[in-house]
$ cat work39.tsv   # TSV, C-alpha atoms
chain	number	residue	atom	x	y	z
Y	10	MET	CA	0.00	0.00	0.00
Y	11	LYS	CA	2.78	2.37	0.98
Y	12	ILE	CA	4.75	1.71	-2.23
Y	13	SER	CA	1.86	2.39	-4.54
Y	14	PHE	CA	1.09	5.64	-2.71
Y	15	THR	CA	4.69	6.88	-3.16
Y	16	LYS	CA	4.64	5.76	-6.77
Y	17	ILE	CA	1.51	7.74	-7.44
Y	18	ILE	CA	3.02	10.82	-5.83
Y	19	ILE	CA	6.26	10.51	-7.84
Y	20	LEU	CA	4.41	9.82	-11.08
Y	21	SER	CA	2.04	12.75	-10.69
Y	22	PHE	CA	4.96	14.98	-9.81
Y	23	ALA	CA	6.84	13.86	-12.92
Y	24	ILE	CA	3.79	14.49	-15.09
Y	25	PHE	CA	3.38	17.90	-13.53
Y	26	ILE	CA	7.00	18.86	-14.22
Y	27	LEU	CA	6.80	17.58	-17.79
Y	28	GLY	CA	3.65	19.64	-18.20
Y	29	ILE	CA	5.47	22.76	-17.03
Y	30	PHE	CA	8.33	22.07	-19.46
Y	31	TRP	CA	5.87	21.50	-22.29
Y	32	GLN	CA	4.18	24.79	-21.48
Y	33	GLY	CA	7.59	26.46	-21.34
Y	34	LEU	CA	8.46	25.21	-24.80
Y	35	LYS	CA	5.29	26.66	-26.26
Y	36	THR	CA	5.44	30.14	-24.75
Y	37	ASN	CA	7.46	32.75	-26.55
Y	38	LYS	CA	10.05	34.31	-24.30
Y	39	ASN	CA	11.11	36.99	-26.78
Y	40	TYR	CA	10.25	40.42	-25.57
Y	41	ASP	CA	7.58	42.23	-27.53
Y	42	THR	CA	5.24	45.09	-26.88
Y	43	LYS	CA	2.17	43.66	-28.53
Y	44	ASN	CA	0.28	44.33	-25.30
Y	45	LEU	CA	0.69	48.04	-25.83
Y	46	VAL	CA	-1.66	47.95	-28.81
Y	47	GLY	CA	-5.03	49.20	-27.62
Y	48	SER	CA	-3.62	51.18	-24.72
Y	49	LYS	CA	-3.61	54.94	-24.54
Y	50	ILE	CA	-0.40	56.91	-24.77
Y	51	SER	CA	0.73	58.89	-21.74
Y	52	ASN	CA	0.66	62.62	-21.41
Y	53	PHE	CA	3.86	64.13	-22.66
Y	54	GLN	CA	5.46	67.38	-23.59
Y	55	LEU	CA	8.07	67.65	-26.28
Y	56	SER	CA	10.05	70.67	-27.35
Y	57	GLU	CA	10.99	71.30	-30.96
Y	58	ILE	CA	14.53	70.39	-31.86
Y	59	ASN	CA	15.52	73.84	-33.15
Y	60	ASN	CA	13.13	75.98	-31.18
Y	61	HIS	CA	12.92	75.45	-27.43
Y	62	GLN	CA	9.88	77.69	-27.16
Y	63	GLN	CA	7.77	75.48	-29.36
Y	64	TYR	CA	6.05	72.61	-27.61
Y	65	ILE	CA	3.83	69.74	-28.56
Y	66	SER	CA	1.75	67.57	-26.25
Y	67	GLU	CA	-0.87	64.83	-26.47
Y	68	GLU	CA	-3.54	67.52	-26.90
Y	69	ASN	CA	-2.08	68.48	-30.29
Y	70	LEU	CA	-2.24	64.88	-31.49
Y	71	LYS	CA	-5.98	64.67	-30.78
Y	72	LYS	CA	-6.53	66.95	-33.77
Y	73	ASN	CA	-4.96	64.48	-36.19
Y	74	ASN	CA	-6.93	61.52	-37.44
Y	75	TYR	CA	-3.80	59.43	-37.28
Y	76	THR	CA	-0.33	60.15	-35.99
Y	77	LEU	CA	2.80	58.13	-36.48
Y	78	ILE	CA	5.33	58.76	-33.74
Y	79	ASN	CA	8.76	57.77	-35.00
Y	80	PHE	CA	11.89	57.62	-32.87
Y	81	PHE	CA	15.04	58.23	-34.88
Y	82	ALA	CA	18.65	59.36	-34.58
Y	83	SER	CA	21.40	60.26	-36.99
Y	84	TRP	CA	23.65	57.59	-35.49
Y	85	CYS	CA	21.12	54.83	-36.11
Y	86	ALA	CA	21.78	52.99	-39.36
Y	87	PRO	CA	18.40	51.21	-39.66
Y	88	CYS	CA	16.75	54.64	-39.39
Y	89	ARG	CA	18.25	55.44	-42.78
Y	90	THR	CA	16.70	52.39	-44.41
Y	91	GLU	CA	13.23	53.18	-43.10
Y	92	HIS	CA	13.45	56.86	-44.00
Y	93	LYS	CA	12.17	56.47	-47.56
Y	94	TYR	CA	8.98	54.84	-46.27
Y	95	LEU	CA	8.41	57.75	-43.92
Y	96	LEU	CA	8.89	60.14	-46.87
Y	97	ASN	CA	6.45	58.08	-48.94
Y	98	LEU	CA	3.97	58.21	-46.10
Y	99	SER	CA	4.20	61.98	-45.72
Y	100	ASN	CA	3.80	62.39	-49.50
Y	101	SER	CA	0.86	59.99	-49.66
Y	102	LYS	CA	-1.70	62.72	-48.87
Y	103	LYS	CA	-3.35	60.41	-46.36
Y	104	GLU	CA	-4.73	61.89	-43.19
Y	105	ILE	CA	-1.69	61.13	-41.15
Y	106	LYS	CA	0.80	63.35	-39.39
Y	107	ILE	CA	4.27	62.12	-38.62
Y	108	ILE	CA	6.00	63.21	-35.44
Y	109	GLY	CA	9.70	62.54	-35.31
Y	110	ILE	CA	11.39	62.25	-31.96
Y	111	ASN	CA	15.12	62.69	-32.18
Y	112	PHE	CA	16.57	60.24	-29.67
Y	113	LYS	CA	19.85	60.86	-27.79
Y	114	ASP	CA	21.34	62.80	-30.66
Y	115	LYS	CA	23.19	66.03	-31.35
Y	116	LYS	CA	21.12	68.82	-32.85
Y	117	ILE	CA	23.57	69.48	-35.68
Y	118	ASN	CA	23.76	65.79	-36.64
Y	119	ALA	CA	19.99	65.46	-36.60
Y	120	ASN	CA	19.59	68.50	-38.83
Y	121	ASN	CA	22.22	67.17	-41.24
Y	122	PHE	CA	20.44	63.81	-41.30
Y	123	LEU	CA	17.15	65.47	-42.24
Y	124	SER	CA	18.62	67.81	-44.84
Y	125	GLU	CA	20.49	64.91	-46.43
Y	126	LEU	CA	17.61	62.40	-46.56
Y	127	GLY	CA	14.61	64.75	-46.54
Y	128	ASN	CA	12.25	65.66	-43.74
Y	129	PRO	CA	9.06	63.59	-43.57
Y	130	TYR	CA	8.09	64.96	-40.16
Y	131	ASP	CA	5.38	67.48	-39.33
Y	132	PHE	CA	7.13	68.10	-36.06
Y	133	VAL	CA	10.58	67.09	-34.87
Y	134	GLY	CA	10.90	66.87	-31.11
Y	135	LYS	CA	13.98	66.15	-29.12
Y	136	ASP	CA	14.59	63.58	-26.46
Y	137	ILE	CA	18.17	64.20	-25.42
Y	138	ASP	CA	18.29	62.01	-22.32
Y	139	GLY	CA	15.81	59.40	-23.57
Y	140	LYS	CA	13.26	59.96	-20.79
Y	141	THR	CA	10.44	60.60	-23.26
Y	142	SER	CA	11.16	57.28	-24.94
Y	143	ILE	CA	10.31	55.46	-21.70
Y	144	LEU	CA	6.90	57.14	-21.68
Y	145	PHE	CA	6.27	55.54	-25.05
Y	146	GLY	CA	7.61	52.12	-24.10
Y	147	ILE	CA	10.61	52.36	-26.43
Y	148	TYR	CA	13.63	50.19	-25.76
Y	149	GLY	CA	15.73	50.64	-28.85
Y	150	ILE	CA	15.37	52.67	-31.99
Y	151	PRO	CA	14.02	52.82	-34.63
Y	152	GLU	CA	10.57	52.28	-33.22
Y	153	SER	CA	7.28	53.71	-34.45
Y	154	ILE	CA	3.88	54.00	-32.85
Y	155	LEU	CA	0.72	54.57	-34.84
Y	156	ILE	CA	-2.07	56.20	-32.83
Y	157	ASN	CA	-5.54	57.49	-33.68
Y	158	ASN	CA	-7.23	60.71	-32.61
Y	159	GLU	CA	-8.28	59.13	-29.30
Y	160	LEU	CA	-4.57	58.59	-28.58
Y	161	ILE	CA	-5.03	54.80	-28.69
Y	162	VAL	CA	-2.08	52.79	-30.00
Y	163	ILE	CA	-3.13	50.97	-33.18
Y	164	LYS	CA	0.20	49.55	-34.17
Y	165	LYS	CA	3.67	49.43	-32.78
Y	166	ILE	CA	6.64	48.72	-35.01
Y	167	ILE	CA	9.90	47.65	-33.45
Y	168	GLY	CA	12.82	48.06	-35.82
Y	169	PRO	CA	12.83	49.80	-39.18
Y	170	ILE	CA	9.64	50.15	-41.20
Y	171	ASP	CA	9.80	47.93	-44.29
Y	172	GLU	CA	7.60	47.46	-47.35
Y	173	ILE	CA	5.22	45.09	-45.56
Y	174	GLN	CA	4.77	47.33	-42.55
Y	175	PHE	CA	4.43	50.38	-44.76
Y	176	ASN	CA	1.52	48.75	-46.60
Y	177	GLU	CA	0.01	47.68	-43.31
Y	178	ILE	CA	0.08	51.27	-42.07
Y	179	LEU	CA	-1.61	52.43	-45.28
Y	180	LYS	CA	-4.31	49.81	-44.79
Y	181	LEU	CA	-4.85	50.80	-41.16
Y	182	ILE	CA	-5.30	54.50	-41.87
Y	183	GLN	CA	-7.76	54.11	-44.70
O	23	MET	CA	47.43	53.21	21.24
O	24	ASN	CA	47.91	53.54	17.51
O	25	LEU	CA	46.38	50.14	17.08
O	26	LYS	CA	43.29	51.26	19.00
O	27	ILE	CA	42.85	54.27	16.74
O	28	PHE	CA	43.40	52.08	13.71
O	29	PHE	CA	40.73	49.58	14.77
O	30	SER	CA	38.24	52.27	15.70
O	31	ILE	CA	38.67	53.82	12.24
O	32	ILE	CA	38.06	50.44	10.65
O	33	TYR	CA	35.03	49.96	12.91
O	34	PHE	CA	33.48	53.25	11.87
O	35	LEU	CA	34.23	52.58	8.22
O	36	PHE	CA	32.22	49.39	8.44
O	37	LEU	CA	29.38	51.29	10.07
O	38	ALA	CA	29.21	53.70	7.16
O	39	PRO	CA	26.88	51.57	4.98
O	40	LEU	CA	24.29	51.74	7.77
O	41	TYR	CA	24.10	55.45	7.26
O	42	SER	CA	23.78	55.43	3.48
O	43	SER	CA	20.59	57.21	2.58
O	44	ASP	CA	17.27	55.40	2.44
O	45	GLU	CA	16.70	56.78	-1.02
O	46	ARG	CA	19.81	55.13	-2.40
O	47	ILE	CA	18.79	51.81	-0.92
O	48	LYS	CA	15.28	52.19	-2.31
O	49	LEU	CA	16.66	53.02	-5.77
O	50	LEU	CA	18.95	50.02	-5.73
O	51	GLU	CA	16.11	47.75	-4.66
O	52	ILE	CA	14.00	48.97	-7.55
O	53	TYR	CA	16.85	48.61	-10.08
O	54	LYS	CA	17.46	45.06	-8.92
O	55	ASN	CA	13.87	44.08	-9.54
O	56	LEU	CA	13.84	45.49	-13.08
O	57	ARG	CA	14.89	43.38	-16.04
O	58	CYS	CA	17.08	44.97	-18.67
O	59	LEU	CA	15.21	44.30	-21.89
O	60	VAL	CA	18.11	44.75	-24.27
O	61	CYS	CA	20.58	42.65	-22.28
O	62	GLN	CA	18.48	39.76	-21.06
O	63	GLY	CA	19.71	37.99	-17.97
O	64	GLN	CA	20.87	41.22	-16.39
O	65	SER	CA	18.96	43.53	-14.13
O	66	ILE	CA	18.87	47.26	-14.58
O	67	ALA	CA	21.18	47.51	-11.56
O	68	ASP	CA	23.80	45.29	-13.23
O	69	SER	CA	23.59	46.71	-16.71
O	70	ASN	CA	25.44	49.66	-18.17
O	71	SER	CA	23.46	49.63	-21.39
O	72	ASP	CA	21.89	52.73	-22.80
O	73	PHE	CA	18.43	51.43	-22.03
O	74	ALA	CA	19.31	50.67	-18.41
O	75	ALA	CA	20.80	54.14	-17.97
O	76	THR	CA	17.59	55.73	-19.22
O	77	ILE	CA	15.40	53.56	-16.99
O	78	LYS	CA	17.58	54.55	-14.01
O	79	LEU	CA	17.04	58.23	-14.83
O	80	VAL	CA	13.29	57.78	-15.03
O	81	VAL	CA	13.13	55.77	-11.79
O	82	GLN	CA	15.23	58.41	-10.03
O	83	ASP	CA	12.86	61.12	-11.22
O	84	GLN	CA	9.83	59.21	-10.01
O	85	VAL	CA	11.40	58.50	-6.62
O	86	ASN	CA	12.16	62.21	-6.29
O	87	GLU	CA	8.54	62.93	-7.11
O	88	GLY	CA	7.66	60.78	-4.10
O	89	LYS	CA	6.19	57.84	-5.98
O	90	THR	CA	6.08	54.50	-4.21
O	91	LYS	CA	7.80	51.36	-5.47
O	92	ASP	CA	4.53	49.84	-6.64
O	93	GLU	CA	3.56	52.98	-8.52
O	94	ILE	CA	6.89	52.91	-10.36
O	95	TYR	CA	6.56	49.19	-11.15
O	96	ASN	CA	3.02	49.68	-12.40
O	97	PHE	CA	4.12	52.56	-14.59
O	98	LEU	CA	6.87	50.48	-16.19
O	99	ILE	CA	4.61	47.43	-16.52
O	100	SER	CA	2.06	49.56	-18.36
O	101	LYS	CA	4.79	50.58	-20.81
O	102	TYR	CA	6.82	47.40	-21.20
O	103	GLY	CA	4.62	44.61	-19.89
O	104	GLU	CA	5.04	42.39	-16.87
O	105	TRP	CA	8.28	41.01	-18.30
O	106	ILE	CA	10.17	44.06	-17.06
O	107	VAL	CA	9.84	43.18	-13.38
O	108	TYR	CA	11.51	40.10	-11.94
O	109	GLN	CA	9.00	39.57	-9.18
O	110	PRO	CA	5.83	38.39	-10.87
O	111	THR	CA	2.59	40.09	-9.96
O	112	PHE	CA	-0.18	38.19	-8.24
O	113	SER	CA	-2.62	37.38	-11.02
O	114	LYS	CA	-4.79	34.55	-12.29
O	115	SER	CA	-2.10	33.17	-14.58
O	116	ASN	CA	0.48	33.38	-11.83
O	117	LEU	CA	-1.74	31.86	-9.15
O	118	LEU	CA	-0.04	28.45	-9.32
O	119	LEU	CA	3.36	30.07	-8.98
O	120	TRP	CA	2.41	31.72	-5.72
O	121	ILE	CA	0.27	28.96	-4.25
O	122	LEU	CA	2.30	25.89	-5.20
O	123	PRO	CA	5.23	26.32	-2.75
O	124	TYR	CA	2.81	26.57	0.18
O	125	PHE	CA	0.82	23.65	-1.17
O	126	ILE	CA	3.96	21.49	-1.51
O	127	PHE	CA	5.07	22.59	1.95
O	128	ILE	CA	1.82	21.47	3.52
O	129	VAL	CA	1.57	18.23	1.54
O	130	GLY	CA	5.23	17.46	2.27
O	131	GLY	CA	4.59	18.03	5.94
O	132	LEU	CA	1.63	15.67	5.85
O	133	ILE	CA	3.70	12.99	4.11
O	134	ILE	CA	6.51	13.26	6.66
O	135	PHE	CA	3.95	13.18	9.45
O	136	ALA	CA	2.38	10.05	7.96
O	137	ILE	CA	5.76	8.33	7.54
O	138	ILE	CA	6.83	9.10	11.11
O	139	ARG	CA	3.55	7.91	12.49
O	140	LYS	CA	3.78	4.72	10.49
O	141	SER	CA	7.36	3.97	11.57
O	142	LYS	CA	6.39	4.57	15.21
O	143	HIS	CA	3.43	2.31	14.71
O	144	ASN	CA	5.72	-0.38	13.21
O	145	LYS	CA	8.19	-0.03	16.08
O	146	ALA	CA	5.43	-0.41	18.58
O	147	ASN	CA	4.48	-3.67	16.88

$ encode --input "work39.tsv" --output "structure tokens"
Amino acid sequence: MKISFTKIIILSFAIFILGIFWQGLKTNKNYDTKNLVGSKISNFQLSEINNHQQYISEENLKKNNYTLINFFASWCAPCRTEHKYLLNLSNSKKEIKIIGINFKDKKINANNFLSELGNPYDFVGKDIDGKTSILFGIYGIPESILINNELIVIKKIIGPIDEIQFNEILKLIQ
Amino acid sequence: MNLKIFFSIIYFLFLAPLYSSDERIKLLEIYKNLRCLVCQGQSIADSNSDFAATIKLVVQDQVNEGKTKDEIYNFLISKYGEWIVYQPTFSKSNLLLWILPYFIFIVGGLIIFAIIRKSKHNKAN
């Protein structure tokens, strides 16, 4: 009687552990911010890169049907590859405004970057110490957040925008 | 005499950590419970990455504003998900995680109790 009782305990314990391992295999441990989609962006205040007197806050974004908030820097190579899609987007005459947030960058470098590649942004804000990026749940650039006029996150893109994501954005803002 | 002075200096040096500010200790506690997302396996306290440095700045600001630990954790969870804190929150999906150790503790105790009682019973026979 005693042996069978111990056996049952050991067996059920083994099954339980295997179950945990099985579950562990199935869950994705890669970090992603999918959960942010559907949440509202925080209140923020951002000063213009060349004009400290000029500010933008979440109130300004409520006026736009859609806003794409793009974090970029002159030192970030992938930002160069996604830049043409941002230009395409700003030329597309869709009801979307693009806010660029210059992340941990020097003013002169950022301005050179924009004059060299073109400026797709309706407003370029600066985030010298990166604190604003935390408000938006950014952990590495480039990252882009598409929000609607209720300030709800519709899409979050980690890494550079590519052809597929560009088309997806166009579909979402129709 | 010199030896006495020497040892008293050493003694007071070792006391110094006791007088480090509460705020520093609180900050360190918070950093240790935050996972660095770009350098997985390290906490914000351990990491020197750009991301960790920024998180430290933000946490410092919030501590200065008088926010509690939980408020800071909740803020970061709302931005980065539960993954950013090491200590899991108490939720439905985590229920087993929190309950199981106590459950095993109680069941283990019962098993030991049963075994001891049985062996005593056998000895008595």

$ residues_around --input "work39.tsv" --residues "Tyr108 of chain O" --least-positions-apart "6" --cutoff "8 Å" --atoms "all atoms listed in the file" --output "number ranges by chain"
O: 55-57

$ atom_distance --input "work39.tsv" --atom1 "atom CA of Ile99 of chain O" --atom2 "atom CA of Ile107 of chain Y"
26.5 Å

$ atom_distance --input "work39.tsv" --atom1 "atom CA of Val133 of chain Y" --atom2 "atom CA of Asp114 of chain Y"
12.3 Å

$ interface_residues --input "work39.tsv" --of "chain Y" --to "chain O" --cutoff "8 Å" --atoms "only C-alpha atoms" --output "PDB file with C-alpha atoms, in the frame of the given file"
ATOM      1  CA  TYR Y  40      10.250  40.420 -25.570  1.00  0.00           C
ATOM      2  CA  THR Y  42       5.240  45.090 -26.880  1.00  0.00           C
ATOM      3  CA  ASN Y  44       0.280  44.330 -25.300  1.00  0.00           C
ATOM      4  CA  LEU Y  45       0.690  48.040 -25.830  1.00  0.00           C
ATOM      5  CA  ASP Y 138      18.290  62.010 -22.320  1.00  0.00           C
ATOM      6  CA  GLY Y 139      15.810  59.400 -23.570  1.00  0.00           C
ATOM      7  CA  LYS Y 140      13.260  59.960 -20.790  1.00  0.00           C
ATOM      8  CA  ILE Y 143      10.310  55.460 -21.700  1.00  0.00           C
ATOM      9  CA  LEU Y 144       6.900  57.140 -21.680  1.00  0.00           C
ATOM     10  CA  PHE Y 145       6.270  55.540 -25.050  1.00  0.00           C
ATOM     11  CA  GLY Y 146       7.610  52.120 -24.100  1.00  0.00           C
ATOM     12  CA  TYR Y 148      13.630  50.190 -25.760  1.00  0.00           C
ATOM     13  CA  GLY Y 149      15.730  50.640 -28.850  1.00  0.00           C
TER      14      GLY Y 149
END

$ atom_distance --input "work39.tsv" --atom1 "atom CA of Leu119 of chain O" --atom2 "atom CA of Ile147 of chain Y"
29.2 Å

$ closest_residue --input "work39.tsv" --among "O:Ile138, O:Ile121, O:Asn147, O:Val107" --to "Gln64 of chain O" --atoms "all atoms listed in the file"
O:Val107

$ closest_residue --input "work39.tsv" --among "O:Ile66, O:Ile128, O:Asp44, O:Lys142" --to "Val85 of chain O" --atoms "only C-alpha atoms"
O:Asp44

$ axis_aligned_box --input "work39.tsv" --around "segment 49-60 of chain O" --padding-each-side "6 Å" --output "AutoDock Vina command-line options"
--center_x 16.4 --center_y 48.2 --center_z -14.5 --size_x 17.1 --size_y 21.6 --size_z 31.6

$ closest_residue --input "work39.tsv" --among "Y:Lys102, Y:Lys165, Y:Lys16, Y:Lys113" --to "Phe81 of chain Y" --atoms "only C-alpha atoms"
Y:Lys113
